[in-house]
>>> print(open('model37.txt').read())   # compact mmCIF, C-alpha atoms
# COMPACT_ATOMS: atom_id res chain seq x y z
CA MET A 140 52.65 58.56 7.12
CA SER A 141 51.79 55.76 9.52
CA LYS A 142 54.90 53.89 8.32
CA ILE A 143 57.14 56.82 9.24
CA LEU A 144 55.43 57.35 12.60
CA GLY A 145 55.50 53.60 13.23
CA LYS A 146 59.30 53.73 13.32
CA LEU A 147 59.09 55.88 16.46
CA GLY A 148 58.12 52.76 18.37
CA ARG A 149 61.24 50.90 17.25
CA ILE A 150 64.10 53.19 18.25
CA PRO A 151 67.19 50.99 18.80
CA TRP A 152 68.32 50.55 22.38
CA TRP A 153 71.74 52.13 21.76
CA ALA A 154 70.18 55.38 20.51
CA TYR A 155 68.11 55.49 23.67
CA TYR A 156 71.18 54.76 25.83
CA ILE A 157 73.14 57.57 24.18
CA THR A 158 70.29 60.06 24.69
CA ILE A 159 69.96 59.16 28.38
CA PHE A 160 73.73 59.28 28.81
CA VAL A 161 73.78 62.82 27.39
CA THR A 162 70.95 63.96 29.69
CA VAL A 163 72.94 62.69 32.66
CA ILE A 164 76.30 64.12 31.62
CA ILE A 165 75.27 67.64 30.53
CA PRO A 166 73.78 68.81 33.86
CA MET A 167 76.73 67.25 35.68
CA ILE A 168 79.12 69.44 33.68
CA PHE A 169 76.85 72.50 33.58
CA PRO A 170 74.61 72.41 36.71
CA LEU A 171 71.20 73.95 36.03
CA GLY A 172 70.15 74.47 39.64
CA LEU A 173 66.56 73.37 39.03
CA PRO A 174 64.29 73.92 42.06
CA LEU A 175 62.69 71.16 44.13
CA LEU A 176 59.77 70.83 46.50
CA ILE A 177 60.16 69.95 50.19
CA GLU A 178 57.86 67.04 50.99
CA PRO A 179 55.95 67.07 54.32
CA MET A 180 57.46 63.83 55.66
CA THR A 181 60.98 64.95 54.77
CA GLN A 182 60.34 68.25 56.54
CA ARG A 183 59.34 66.27 59.62
CA TYR A 184 62.45 64.10 59.29
CA PHE A 185 64.56 67.24 59.27
CA ASP A 186 62.66 68.82 62.18
CA VAL A 187 63.32 65.79 64.38
CA LEU A 188 67.06 66.12 63.81
CA ASP A 189 67.08 69.92 63.87
CA THR A 190 65.15 70.34 67.12
CA ALA A 191 66.92 67.55 69.03
CA PRO A 192 68.85 69.12 71.94
CA ALA A 193 72.64 68.95 71.78
CA GLY A 194 73.85 65.73 73.36
CA THR A 195 70.84 63.70 72.26
CA ILE A 196 71.81 60.08 71.70
CA VAL A 197 70.33 58.11 68.81
CA LEU A 198 70.64 54.58 67.56
CA TYR A 199 71.58 54.73 63.88
CA SER A 200 70.64 51.31 62.60
CA SER A 201 71.10 50.58 58.92
CA THR A 202 71.19 47.78 56.37
CA GLN A 203 73.22 49.66 53.80
CA GLY A 204 76.70 48.93 52.54
CA PHE A 205 78.77 49.54 49.44
CA ASP A 206 76.30 47.66 47.26
CA SER A 207 73.56 50.19 48.00
CA GLU A 208 75.83 53.22 48.13
CA LYS A 209 74.74 54.46 44.71
CA VAL A 210 71.18 54.81 45.96
CA THR A 211 71.45 55.54 49.68
CA GLY A 212 74.86 57.24 49.70
CA PRO A 213 73.54 60.84 49.54
CA ILE A 214 70.95 60.34 52.28
CA THR A 215 73.54 58.72 54.55
CA GLU A 216 75.88 61.65 53.95
CA ALA A 217 73.09 64.12 54.74
CA ASN A 218 72.24 62.20 57.92
CA LEU A 219 75.80 62.10 59.16
CA LYS A 220 76.28 65.80 58.45
CA LEU A 221 73.04 66.73 60.25
CA LEU A 222 73.92 64.55 63.23
CA ALA A 223 77.36 66.14 63.47
CA LYS A 224 76.08 69.67 62.87
CA ASN A 225 73.39 69.37 65.57
CA ASN A 226 75.79 67.71 68.01
CA ILE A 227 73.70 64.54 68.19
CA LYS A 228 75.62 61.52 69.40
CA PHE A 229 74.99 58.21 67.69
CA VAL A 230 75.67 54.51 67.91
CA TYR A 231 75.86 53.01 64.41
CA GLU A 232 74.69 49.42 64.04
CA PRO A 233 75.30 47.92 60.57
CA TRP A 234 73.22 45.04 59.25
CA SER A 235 75.22 44.26 56.13
CA ALA A 236 78.65 42.64 56.23
CA ASP A 237 80.39 45.77 54.90
CA GLY A 238 78.15 48.25 56.74
CA ALA A 239 80.64 49.34 59.42
CA ILE A 240 83.45 49.70 56.86
CA TYR A 241 81.12 51.78 54.70
CA ALA A 242 80.18 54.09 57.59
CA ALA A 243 83.84 54.51 58.59
CA VAL A 244 84.86 55.33 55.01
CA LEU A 245 82.00 57.80 54.64
CA ILE A 246 82.72 59.61 57.91
CA ASP A 247 86.35 59.86 56.86
CA ARG A 248 85.45 61.04 53.35
CA LEU A 249 83.12 63.74 54.70
CA ASN A 250 85.86 64.99 57.01
CA LEU A 251 83.38 65.29 59.87
CA ASP A 252 86.07 65.30 62.55
CA GLU A 253 87.67 68.48 61.20
CA THR A 254 84.48 70.22 60.03
CA TYR A 255 82.30 69.56 63.07
CA GLY A 256 84.79 68.30 65.63
CA LEU A 257 83.33 64.81 65.69
CA VAL A 258 85.34 62.56 68.02
CA TYR A 259 85.19 58.78 67.77
CA GLY A 260 84.14 57.12 71.02
CA GLU A 261 82.72 60.35 72.46
CA ASP A 262 80.32 61.50 69.72
CA TYR A 263 79.80 58.28 67.84
CA VAL A 264 80.56 54.59 67.97
CA LEU A 265 80.61 52.09 65.10
CA MET A 266 79.50 48.63 66.05
CA PRO A 267 80.78 45.63 64.09
CA PHE A 268 78.54 43.59 61.80
CA LEU A 269 76.49 40.89 63.49
CA ALA A 270 74.95 38.18 61.33
CA GLY A 271 71.36 37.18 61.85
CA MET A 272 69.58 40.44 61.03
CA GLU A 273 66.44 40.47 63.17
CA SER A 274 67.69 38.21 65.92
CA ALA A 275 70.91 40.26 66.06
CA MET A 276 68.89 43.48 66.13
CA ALA A 277 66.86 42.10 69.02
CA ALA A 278 70.06 41.18 70.88
CA GLY A 279 71.58 44.64 70.32
CA ALA A 280 68.40 46.41 71.41
CA SER A 281 68.10 44.42 74.63
CA ASP A 282 71.73 44.76 75.70
CA PHE A 283 74.61 46.27 73.71
CA ARG A 284 77.20 44.53 75.87
CA VAL A 285 75.71 41.10 75.36
CA ALA A 286 75.57 41.58 71.57
CA TYR A 287 78.98 43.27 71.21
CA SER A 288 82.12 42.79 73.24
CA GLN A 289 84.06 45.29 71.10
CA ASP A 290 83.45 47.98 68.50
CA HIS A 291 84.28 47.86 64.77
CA PHE A 292 87.91 48.84 65.42
CA GLY A 293 88.43 46.28 68.17
CA HIS A 294 88.14 48.60 71.19
CA PRO A 295 86.35 47.05 74.17
CA ILE A 296 82.85 48.54 74.49
CA ASN A 297 83.44 49.56 78.10
CA SER A 298 86.45 51.66 77.11
CA LEU A 299 84.33 54.01 74.96
CA PRO A 300 83.09 57.15 76.80
CA LEU A 301 79.80 57.29 74.83
CA MET A 302 78.91 53.77 75.92
CA GLU A 303 79.49 54.57 79.60
CA ASN A 304 75.78 55.02 80.43
CA LEU A 305 74.43 53.33 77.34
CA TYR A 306 73.26 49.80 77.99
CA ASN A 307 70.29 49.18 75.74
CA ILE A 308 67.79 50.86 73.44
CA ASP A 309 65.97 52.42 76.40
CA ASP A 310 68.99 54.70 76.82
CA VAL A 311 68.70 56.26 73.35
CA ASP A 312 66.21 59.02 72.45
CA PHE A 313 65.06 57.77 69.06
CA VAL A 314 66.13 55.54 66.20
CA ILE A 315 67.28 56.35 62.67
CA TRP A 316 66.48 53.36 60.48
CA GLY A 317 68.03 53.17 57.01
CA TYR A 318 66.87 50.20 54.98
CA THR A 319 67.51 48.90 51.50
CA HIS A 320 64.97 46.10 51.17
CA CYS A 321 61.29 46.97 51.25
CA THR A 322 60.27 44.55 54.00
CA HIS A 323 62.98 45.69 56.41
CA ILE A 324 60.78 48.46 57.78
CA ASP A 325 58.68 45.75 59.43
CA ILE A 326 61.71 44.38 61.27
CA ALA A 327 62.57 47.77 62.75
CA MET A 328 58.96 48.33 63.75
CA ARG A 329 58.87 44.97 65.51
CA GLN A 330 62.18 45.28 67.32
CA TYR A 331 62.34 49.00 68.14
CA TYR A 332 58.81 50.41 68.25
CA THR A 333 56.54 47.51 69.21
CA LEU A 334 58.87 46.14 71.88
CA TYR A 335 60.47 49.33 73.25
CA GLY A 336 58.24 52.16 72.00
CA LYS A 337 61.15 53.93 70.32
CA GLU A 338 60.00 56.18 67.49
CA LEU A 339 61.79 56.00 64.17
CA ILE A 340 62.84 58.43 61.51
CA THR A 341 63.53 56.35 58.48
CA TYR A 342 64.96 56.49 54.99
CA THR A 343 65.05 54.00 52.19
CA SER A 344 66.13 53.28 48.65
CA GLY A 345 62.90 53.46 46.68
CA CYS A 346 60.70 51.54 49.12
CA ALA A 347 58.56 54.51 50.12
CA SER A 348 55.28 52.62 49.93
CA SER A 349 56.46 50.11 52.51
CA ALA A 350 56.94 52.85 55.13
CA ALA A 351 53.62 54.61 54.50
CA PRO A 352 51.52 52.22 56.66
CA TYR A 353 53.58 53.23 59.68
CA PHE A 354 53.37 57.02 59.33
CA ASP A 355 52.48 58.46 62.75
CA LYS A 356 52.37 54.91 64.10
CA GLY A 357 56.03 54.67 64.95
CA VAL A 358 57.53 56.44 61.95
CA ILE A 359 57.68 60.17 62.67
CA GLY A 360 59.79 61.25 59.69
CA PHE A 361 60.62 59.82 56.30
CA ALA A 362 63.07 60.65 53.51
CA ASP A 363 63.43 58.77 50.24
CA ALA A 364 66.94 58.14 48.88
CA ALA A 365 68.66 60.87 46.86
CA TYR A 366 65.53 62.99 46.51
CA GLY A 367 65.10 63.00 50.28
CA ALA A 368 68.80 63.74 50.68
CA ALA A 369 68.58 66.77 48.40
CA GLN A 370 65.69 68.13 50.47
CA LEU A 371 67.61 67.60 53.72
CA GLU A 372 70.62 69.32 52.17
CA ILE A 373 68.51 72.39 51.35
CA LEU A 374 66.82 72.46 54.76
CA GLY A 375 70.07 71.93 56.67
CA GLU A 376 72.17 74.13 54.35
CA ILE A 377 74.61 71.27 53.89
CA PRO A 378 75.00 70.95 50.08
CA GLY A 379 76.16 67.51 48.99
CA SER A 380 75.79 64.74 46.48
CA GLY A 381 71.98 64.63 46.74
CA LEU A 382 71.52 68.07 45.20
CA LYS A 383 74.07 67.29 42.49
CA ARG A 384 71.90 64.40 41.34
CA MET A 385 68.67 66.37 41.04
CA ASP A 386 69.32 68.06 37.67
CA PRO A 387 70.33 64.82 35.89
CA ARG A 388 67.39 63.13 37.59
CA THR A 389 64.84 65.65 36.33
CA LEU A 390 66.24 65.64 32.79
CA THR A 391 66.51 61.84 32.62
CA ILE A 392 62.97 61.30 33.86
CA LEU A 393 61.51 63.89 31.50
CA THR A 394 63.44 62.39 28.58
CA SER A 395 62.13 58.94 29.50
CA VAL A 396 58.56 60.22 29.64
CA VAL A 397 59.01 61.84 26.21
CA PHE A 398 60.32 58.51 24.92
CA VAL A 399 57.28 56.69 26.29
CA VAL A 400 54.99 59.21 24.53
CA ILE A 401 56.97 58.76 21.29
CA ALA A 402 56.73 54.96 21.69
CA ASN A 403 52.95 55.21 22.00
CA ILE A 404 52.67 57.44 18.92
CA GLY A 405 54.64 54.81 17.04
CA TYR A 406 52.51 52.02 18.50
CA PHE A 407 49.22 53.59 17.41
CA ALA A 408 50.60 54.54 14.01
CA ASP A 409 51.66 50.92 13.53
CA ARG A 410 48.21 49.69 14.53
CA GLN A 411 46.54 52.17 12.18
CA GLY A 412 48.86 51.06 9.37
CA ARG A 413 47.95 47.40 9.91
CA LYS A 414 44.21 48.26 9.85
CA ASN A 415 44.63 50.07 6.54
CA MET B 139 71.61 34.36 68.10
CA ILE B 140 73.33 30.99 68.48
CA VAL B 141 70.59 29.30 66.44
CA THR B 142 70.91 31.99 63.72
CA TYR B 143 74.68 31.60 63.49
CA PHE B 144 74.36 27.84 63.40
CA ALA B 145 71.73 28.04 60.63
CA GLY B 146 73.96 30.45 58.68
CA LEU B 147 76.90 28.09 59.02
CA ILE B 148 74.89 25.14 57.73
CA ALA B 149 73.57 27.22 54.81
CA MET B 150 77.11 28.33 53.89
CA PHE B 151 78.42 24.79 54.12
CA SER B 152 75.56 23.52 51.94
CA LEU B 153 76.19 26.27 49.40
CA ILE B 154 79.88 25.41 49.17
CA MET B 155 79.10 21.71 48.83
CA SER B 156 76.47 22.21 46.12
CA ARG B 157 78.64 24.56 44.07
CA SER B 158 81.68 22.29 44.45
CA SER B 159 79.70 19.30 43.20
CA ARG B 160 78.46 21.33 40.22
CA ILE B 161 82.01 22.28 39.28
CA ILE B 162 83.14 18.65 39.56
CA LYS B 163 80.24 17.50 37.36
CA ASN B 164 80.81 20.21 34.72
CA VAL B 165 84.54 20.12 34.06
CA GLY B 166 85.78 22.67 31.51
CA ILE B 167 84.99 26.28 30.83
CA ASN B 168 81.25 26.78 30.67
CA GLU B 169 78.64 29.04 32.22
CA ILE B 170 78.24 26.95 35.36
CA THR B 171 81.94 26.66 36.18
CA LEU B 172 82.52 30.35 35.46
CA ARG B 173 79.66 31.36 37.78
CA ASP B 174 80.62 28.98 40.56
CA GLY B 175 84.31 29.71 40.07
CA THR B 176 83.63 33.43 40.55
CA PHE B 177 81.72 32.59 43.70
CA PHE B 178 84.68 30.67 45.13
CA ILE B 179 87.25 33.31 44.17
CA ALA B 180 85.17 36.04 45.83
CA LEU B 181 84.58 33.84 48.87
CA PHE B 182 88.26 32.97 49.36
CA VAL B 183 89.51 36.52 48.79
CA PHE B 184 87.01 38.20 51.11
CA ALA B 185 87.09 35.46 53.76
CA GLY B 186 90.88 35.31 53.59
CA VAL B 187 91.36 39.05 54.04
CA TYR B 188 88.77 39.10 56.81
CA LEU B 189 90.35 36.21 58.71
CA VAL B 190 93.93 37.43 58.31
CA PHE B 191 93.51 41.21 58.72
CA GLY B 192 90.09 41.65 60.38
CA SER B 193 86.95 43.53 59.34
CA GLY B 194 88.24 46.95 60.41
CA SER B 195 91.52 46.63 58.50
CA SER B 196 92.61 48.88 55.65
CA SER B 197 92.86 45.80 53.37
CA MET B 198 89.20 44.98 53.94
CA THR B 199 88.30 48.63 53.38
CA TRP B 200 90.30 48.66 50.13
CA LEU B 201 88.56 45.51 48.90
CA ASN B 202 85.17 47.02 49.59
CA VAL B 203 85.88 50.50 48.25
CA ILE B 204 87.74 49.46 45.11
CA ILE B 205 86.22 46.09 44.17
CA LEU B 206 82.73 45.88 45.63
CA SER B 207 81.84 49.55 45.21
CA THR B 208 82.99 49.61 41.57
CA ILE B 209 81.08 46.45 40.64
CA SER B 210 78.02 47.78 42.43
CA ALA B 211 78.26 51.11 40.53
CA ALA B 212 78.46 49.31 37.19
CA VAL B 213 75.51 47.05 38.01
CA THR B 214 73.41 49.98 39.26
CA ALA B 215 74.13 52.06 36.13
CA HIS B 216 73.36 49.13 33.85
CA ARG B 217 70.12 48.47 35.71
CA ALA B 218 69.07 52.11 35.39
CA PHE B 219 69.51 52.05 31.61
CA TYR B 220 67.75 48.72 31.39
CA TYR B 221 64.71 50.00 33.34
CA LEU B 222 64.45 53.07 31.14
CA VAL B 223 64.54 51.05 27.92
CA TRP B 224 62.04 48.62 29.43
CA GLY B 225 59.69 51.57 30.03
CA TYR B 226 60.05 52.66 26.43
CA ARG B 227 59.24 49.19 25.11
CA ARG B 228 56.51 48.15 27.51
CA LEU B 229 54.56 51.22 28.69
CA ARG B 230 52.18 51.22 25.73
CA PHE B 231 48.47 51.92 25.75
CA GLY B 232 47.61 48.53 24.30
CA ASN B 233 45.03 47.11 26.72
CA MET B 234 43.50 47.95 30.08
CA TYR B 235 46.40 46.49 32.08
CA THR B 236 49.17 48.22 30.13
CA ILE B 237 47.19 51.49 30.21
CA MET B 238 46.98 51.26 34.01
CA LEU B 239 50.65 50.35 34.21
CA ALA B 240 51.61 53.21 31.90
CA ILE B 241 49.53 55.82 33.75
CA GLY B 242 50.82 54.63 37.12
CA GLY B 243 54.40 54.46 35.89
CA LEU B 244 54.36 57.85 34.22
CA THR B 245 52.71 59.54 37.21
CA TRP B 246 55.31 58.04 39.51
CA CYS B 247 58.12 59.06 37.15
CA LEU B 248 56.90 62.64 36.92
CA LYS B 249 56.48 62.86 40.69
CA GLU B 250 60.11 61.79 41.02
CA ALA B 251 61.32 64.63 38.75
CA PRO B 252 61.93 67.47 41.24
CA ALA B 253 61.64 70.38 38.81
CA PHE B 254 58.45 68.98 37.29
CA VAL B 255 56.83 68.83 40.73
CA ILE B 256 57.63 72.51 41.25
CA ALA B 257 55.98 73.37 37.92
CA PHE B 258 52.94 71.14 38.56
CA PRO B 259 52.49 70.75 42.34
CA GLN B 260 49.20 68.89 41.76
CA ILE B 261 51.20 65.82 40.76
CA ALA B 262 52.73 65.78 44.27
CA GLU B 263 49.28 65.95 45.86
CA ILE B 264 47.91 63.15 43.66
CA SER B 265 50.99 61.07 44.29
CA HIS B 266 50.83 61.67 48.06
CA TRP B 267 47.19 60.56 48.09
CA VAL B 268 47.98 57.42 46.07
CA TRP B 269 50.88 56.72 48.40
CA THR B 270 49.04 57.18 51.69
CA VAL B 271 45.61 55.74 50.77
CA PRO B 272 45.43 52.96 48.10
CA ALA B 273 49.14 52.04 48.26
CA THR B 274 49.05 51.90 52.05
CA ALA B 275 45.89 49.78 51.97
CA ALA B 276 47.51 47.41 49.47
CA THR B 277 50.73 47.24 51.52
CA ARG B 278 48.77 46.44 54.68
CA GLY B 279 46.87 43.76 52.78
CA ALA B 280 50.13 42.30 51.51
CA LEU B 281 51.59 42.33 55.03
CA ILE B 282 48.60 40.44 56.43
CA ALA B 283 48.66 37.98 53.51
CA SER B 284 52.40 37.39 53.84
CA ALA B 285 52.04 36.83 57.59
CA ILE B 286 49.36 34.19 56.98
CA GLY B 287 51.54 32.73 54.20
CA ALA B 288 54.58 32.58 56.50
CA VAL B 289 52.59 30.73 59.16
CA SER B 290 51.24 28.22 56.63
CA LEU B 291 54.74 27.80 55.13
CA GLY B 292 56.07 27.11 58.61
CA LEU B 293 53.39 24.55 59.26
CA ARG B 294 54.08 22.83 55.91
CA ALA B 295 57.80 22.77 56.72
CA LEU B 296 57.05 21.24 60.12
CA VAL B 297 55.10 18.38 58.57
CA GLY B 298 57.78 17.88 55.88
CA LYS B 299 55.79 19.12 52.90
CA GLU B 300 58.03 22.08 52.00
CA PRO B 301 61.46 21.65 50.32
CA ALA B 302 64.23 23.56 52.06
CA LEU B 303 65.65 26.68 50.40
CA VAL B 304 69.06 25.06 50.22
CA GLU B 305 67.59 22.16 48.24
CA ALA B 306 66.01 24.66 45.88
CA GLU B 307 69.41 26.32 45.43
CA VAL B 308 71.03 22.96 44.65
CA GLU B 309 68.45 22.26 41.94
>>> encode(input="model37.txt", output="structure tokens")
Amino acid sequence: MSKILGKLGRIPWWAYYITIFVTVIIPMIFPLGLPLLIEPMTQRYFDVLDTAPAGTIVLYSSTQGFDSEKVTGPITEANLKLLAKNNIKFVYEPWSADGAIYAAVLIDRLNLDETYGLVYGEDYVLMPFLAGMESAMAAGASDFRVAYSQDHFGHPINSLPLMENLYNIDDVDFVIWGYTHCTHIDIAMRQYYTLYGKELITYTSGCASSAAPYFDKGVIGFADAAYGAAQLEILGEIPGSGLKRMDPRTLTILTSVVFVVIANIGYFADRQGRKN
Amino acid sequence: MIVTYFAGLIAMFSLIMSRSSRIIKNVGINEITLRDGTFFIALFVFAGVYLVFGSGSSSMTWLNVIILSTISAAVTAHRAFYYLVWGYRRLRFGNMYTIMLAIGGLTWCLKEAPAFVIAFPQIAEISHWVWTVPATAATRGALIASAIGAVSLGLRALVGKEPALVEAEVE
């Protein structure tokens, strides 16, 4: 008996891969519509965006690009939709080399100009990538015109209506900080909150624990990757790719947990067999 | 800003020099030349398109959407499968450490399964407590330790007792 059970701990990797693949594919073809819980910090994230008066201006500062799209794509989509839906104007500062291209592609893909009447230059501006990360962030926060002479598309900053009365971070109402490396939350806290007192709503790609020390000490809302995106999509009634991922996510995780339990049954059976 | 750009330029130049010298030393098709060759192809293609057409051009967008995004998707998917198989092989109740790792890992996994949290909301409460109390304390401790470490690293670098990162890359 222990020999048979012992084999449970030695399932070949390809059998595992196939099982996981099936648990991802099936709910994608036949969506199950499994429910999900709204987390308190995500609710607060949503409330900040939902209660912001029309015409509010935010600094949307983010480290994401195409390389992190698979993780932070849904939350970025949800953010852009909520900003457009609530008529919040934003200046997008990218901190990865392909960040501005990514934002432009995403805005185009989501068709925000036709759906919500988003106009480039009036409702949002995409800044070009500046190398240097924190030092570049500091430069942008202190004076947009010193850091950037033109936007991502090559228009002079002064020719953009949104930038007319926008000189530095003091002129924005709050900051949206999207980060893909766990220590990047500290940079935003240093450059935006500690220096200028600007509160942040922030999202990440699986670095939730790094943001927790700053809850209510600069970070007033938090959403975590696709799970956070799905919650924002429910709250804002803007269904998107976050919700689509939730069924495969639940099934994959539960399958993995079952596999870990099976592995442990096999492990103990093996140990028992060796003792005998 | 100027210092940062200058430092970046030096780092890039050093990287090109070190990889070039490795290719010269390892003539023929082997792991090193394939890796460094890929680096140079990617560098020349992306830098070339950027310099000729600009960062906001449709060519740069195409490169990013078609090439970079596709590679990134493949790597992410592969990594996801790898992590799951790793969990199957390693999260075993063998000793105190693996038991702690397994309990922590499984709790985190279950908390990340949206439908499971609806069925057992207690897991969300436990997870939230772990997140905001012990994890936050540990993160704060790590932040303080890394700050002290960064200062001491800086001091060691100033007195010439710390090899530069570029030198480490060359080795």
>>> interface_residues(input="model37.txt", of="chain B", to="chain A", cutoff="7 Å", atoms="all atoms listed in the file", output="PyMOL selection string")
chain B and resi 139+142-143+194+199+202+206-207+210-211+219+222-223+225-226+229-231+244+247-248+251-253+255-256+269-270+273-274+277-278
>>> residues_around(input="model37.txt", residues="Ile227 in chain A", least_positions_apart="4", cutoff="8 Å", atoms="all atoms listed in the file", output="mmCIF file with C-alpha atoms, in the frame of the given file")
data_model
loop_
_atom_site.group_PDB
_atom_site.id
_atom_site.type_symbol
_atom_site.label_atom_id
_atom_site.label_comp_id
_atom_site.auth_asym_id
_atom_site.auth_seq_id
_atom_site.Cartn_x
_atom_site.Cartn_y
_atom_site.Cartn_z
ATOM 1 C CA ALA A 191 66.920 67.550 69.030
ATOM 2 C CA PRO A 192 68.850 69.120 71.940
ATOM 3 C CA ALA A 193 72.640 68.950 71.780
ATOM 4 C CA GLY A 194 73.850 65.730 73.360
ATOM 5 C CA THR A 195 70.840 63.700 72.260
ATOM 6 C CA ILE A 196 71.810 60.080 71.700
ATOM 7 C CA VAL A 197 70.330 58.110 68.810
ATOM 8 C CA LEU A 222 73.920 64.550 63.230
ATOM 9 C CA ALA A 223 77.360 66.140 63.470
ATOM 10 C CA ASP A 262 80.320 61.500 69.720
#
>>> atom_distance(input="model37.txt", atom1="CA of Val187 in chain B", atom2="CA of Gly238 in chain A")
16.3 Å
>>> closest_residue(input="model37.txt", among="A:Thr215, A:Met167, A:Ser281, A:Gly336", to="Ala364 in chain A", atoms="all atoms listed in the file")
A:Thr215
>>> atom_distance(input="model37.txt", atom1="CA of Pro213 in chain A", atom2="CA of Arg248 in chain A")
12.5 Å
>>> atom_distance(input="model37.txt", atom1="CA of Glu376 in chain A", atom2="CA of Asp189 in chain A")
11.6 Å
>>> residues_near_point(input="model37.txt", point="(79.5, 27.1, 36.6)", cutoff="12 Å", atoms="all atoms listed in the file", output="PyMOL selection string")
chain B and resi 156-178
>>> residues_around(input="model37.txt", residues="Tyr332 in chain A", least_positions_apart="4", cutoff="9 Å", atoms="all atoms listed in the file", output="PDB file with C-alpha atoms, in the coordinates of the input")
ATOM      1  CA  ALA A 327      62.570  47.770  62.750  1.00  0.00           C
ATOM      2  CA  MET A 328      58.960  48.330  63.750  1.00  0.00           C
ATOM      3  CA  GLY A 336      58.240  52.160  72.000  1.00  0.00           C
ATOM      4  CA  LYS A 337      61.150  53.930  70.320  1.00  0.00           C
ATOM      5  CA  GLU A 338      60.000  56.180  67.490  1.00  0.00           C
ATOM      6  CA  LEU A 339      61.790  56.000  64.170  1.00  0.00           C
ATOM      7  CA  LYS A 356      52.370  54.910  64.100  1.00  0.00           C
ATOM      8  CA  GLY A 357      56.030  54.670  64.950  1.00  0.00           C
ATOM      9  CA  VAL A 358      57.530  56.440  61.950  1.00  0.00           C
TER      10      VAL A 358
END
>>> residues_around(input="model37.txt", residues="Glu216 in chain A", least_positions_apart="6", cutoff="9 Å", atoms="all atoms listed in the file", output="PyMOL selection string")
chain A and resi 245-246+249+368+379-381
>>> residues_around(input="model37.txt", residues="Ser265 in chain B", least_positions_apart="5", cutoff="8 Å", atoms="all atoms listed in the file", output="PyMOL selection string")
chain B and resi 245-246+249
>>> axis_aligned_box(input="model37.txt", around="range 222-237 of chain B", padding_each_side="5 Å", output="JSON")
{"center_x": 54.0, "center_y": 49.8, "center_z": 28.2, "size_x": 31.0, "size_y": 16.6, "size_z": 17.8}
>>> residues_near_point(input="model37.txt", point="(48.0, 52.5, 12.8)", cutoff="10 Å", atoms="all atoms listed in the file", output="VMD selection string")
chain A and resid 140 to 142 144 to 145 404 to 415
>>> closest_residue(input="model37.txt", among="A:Ile340, A:Leu265, A:Val230, A:Ile324", to="Thr202 in chain A", atoms="only C-alpha atoms")
A:Ile324
>>> closest_residue(input="model37.txt", among="A:Val163, A:Ile168, A:Cys346, A:Leu198", to="Phe313 in chain A", atoms="all atoms listed in the file")
A:Leu198
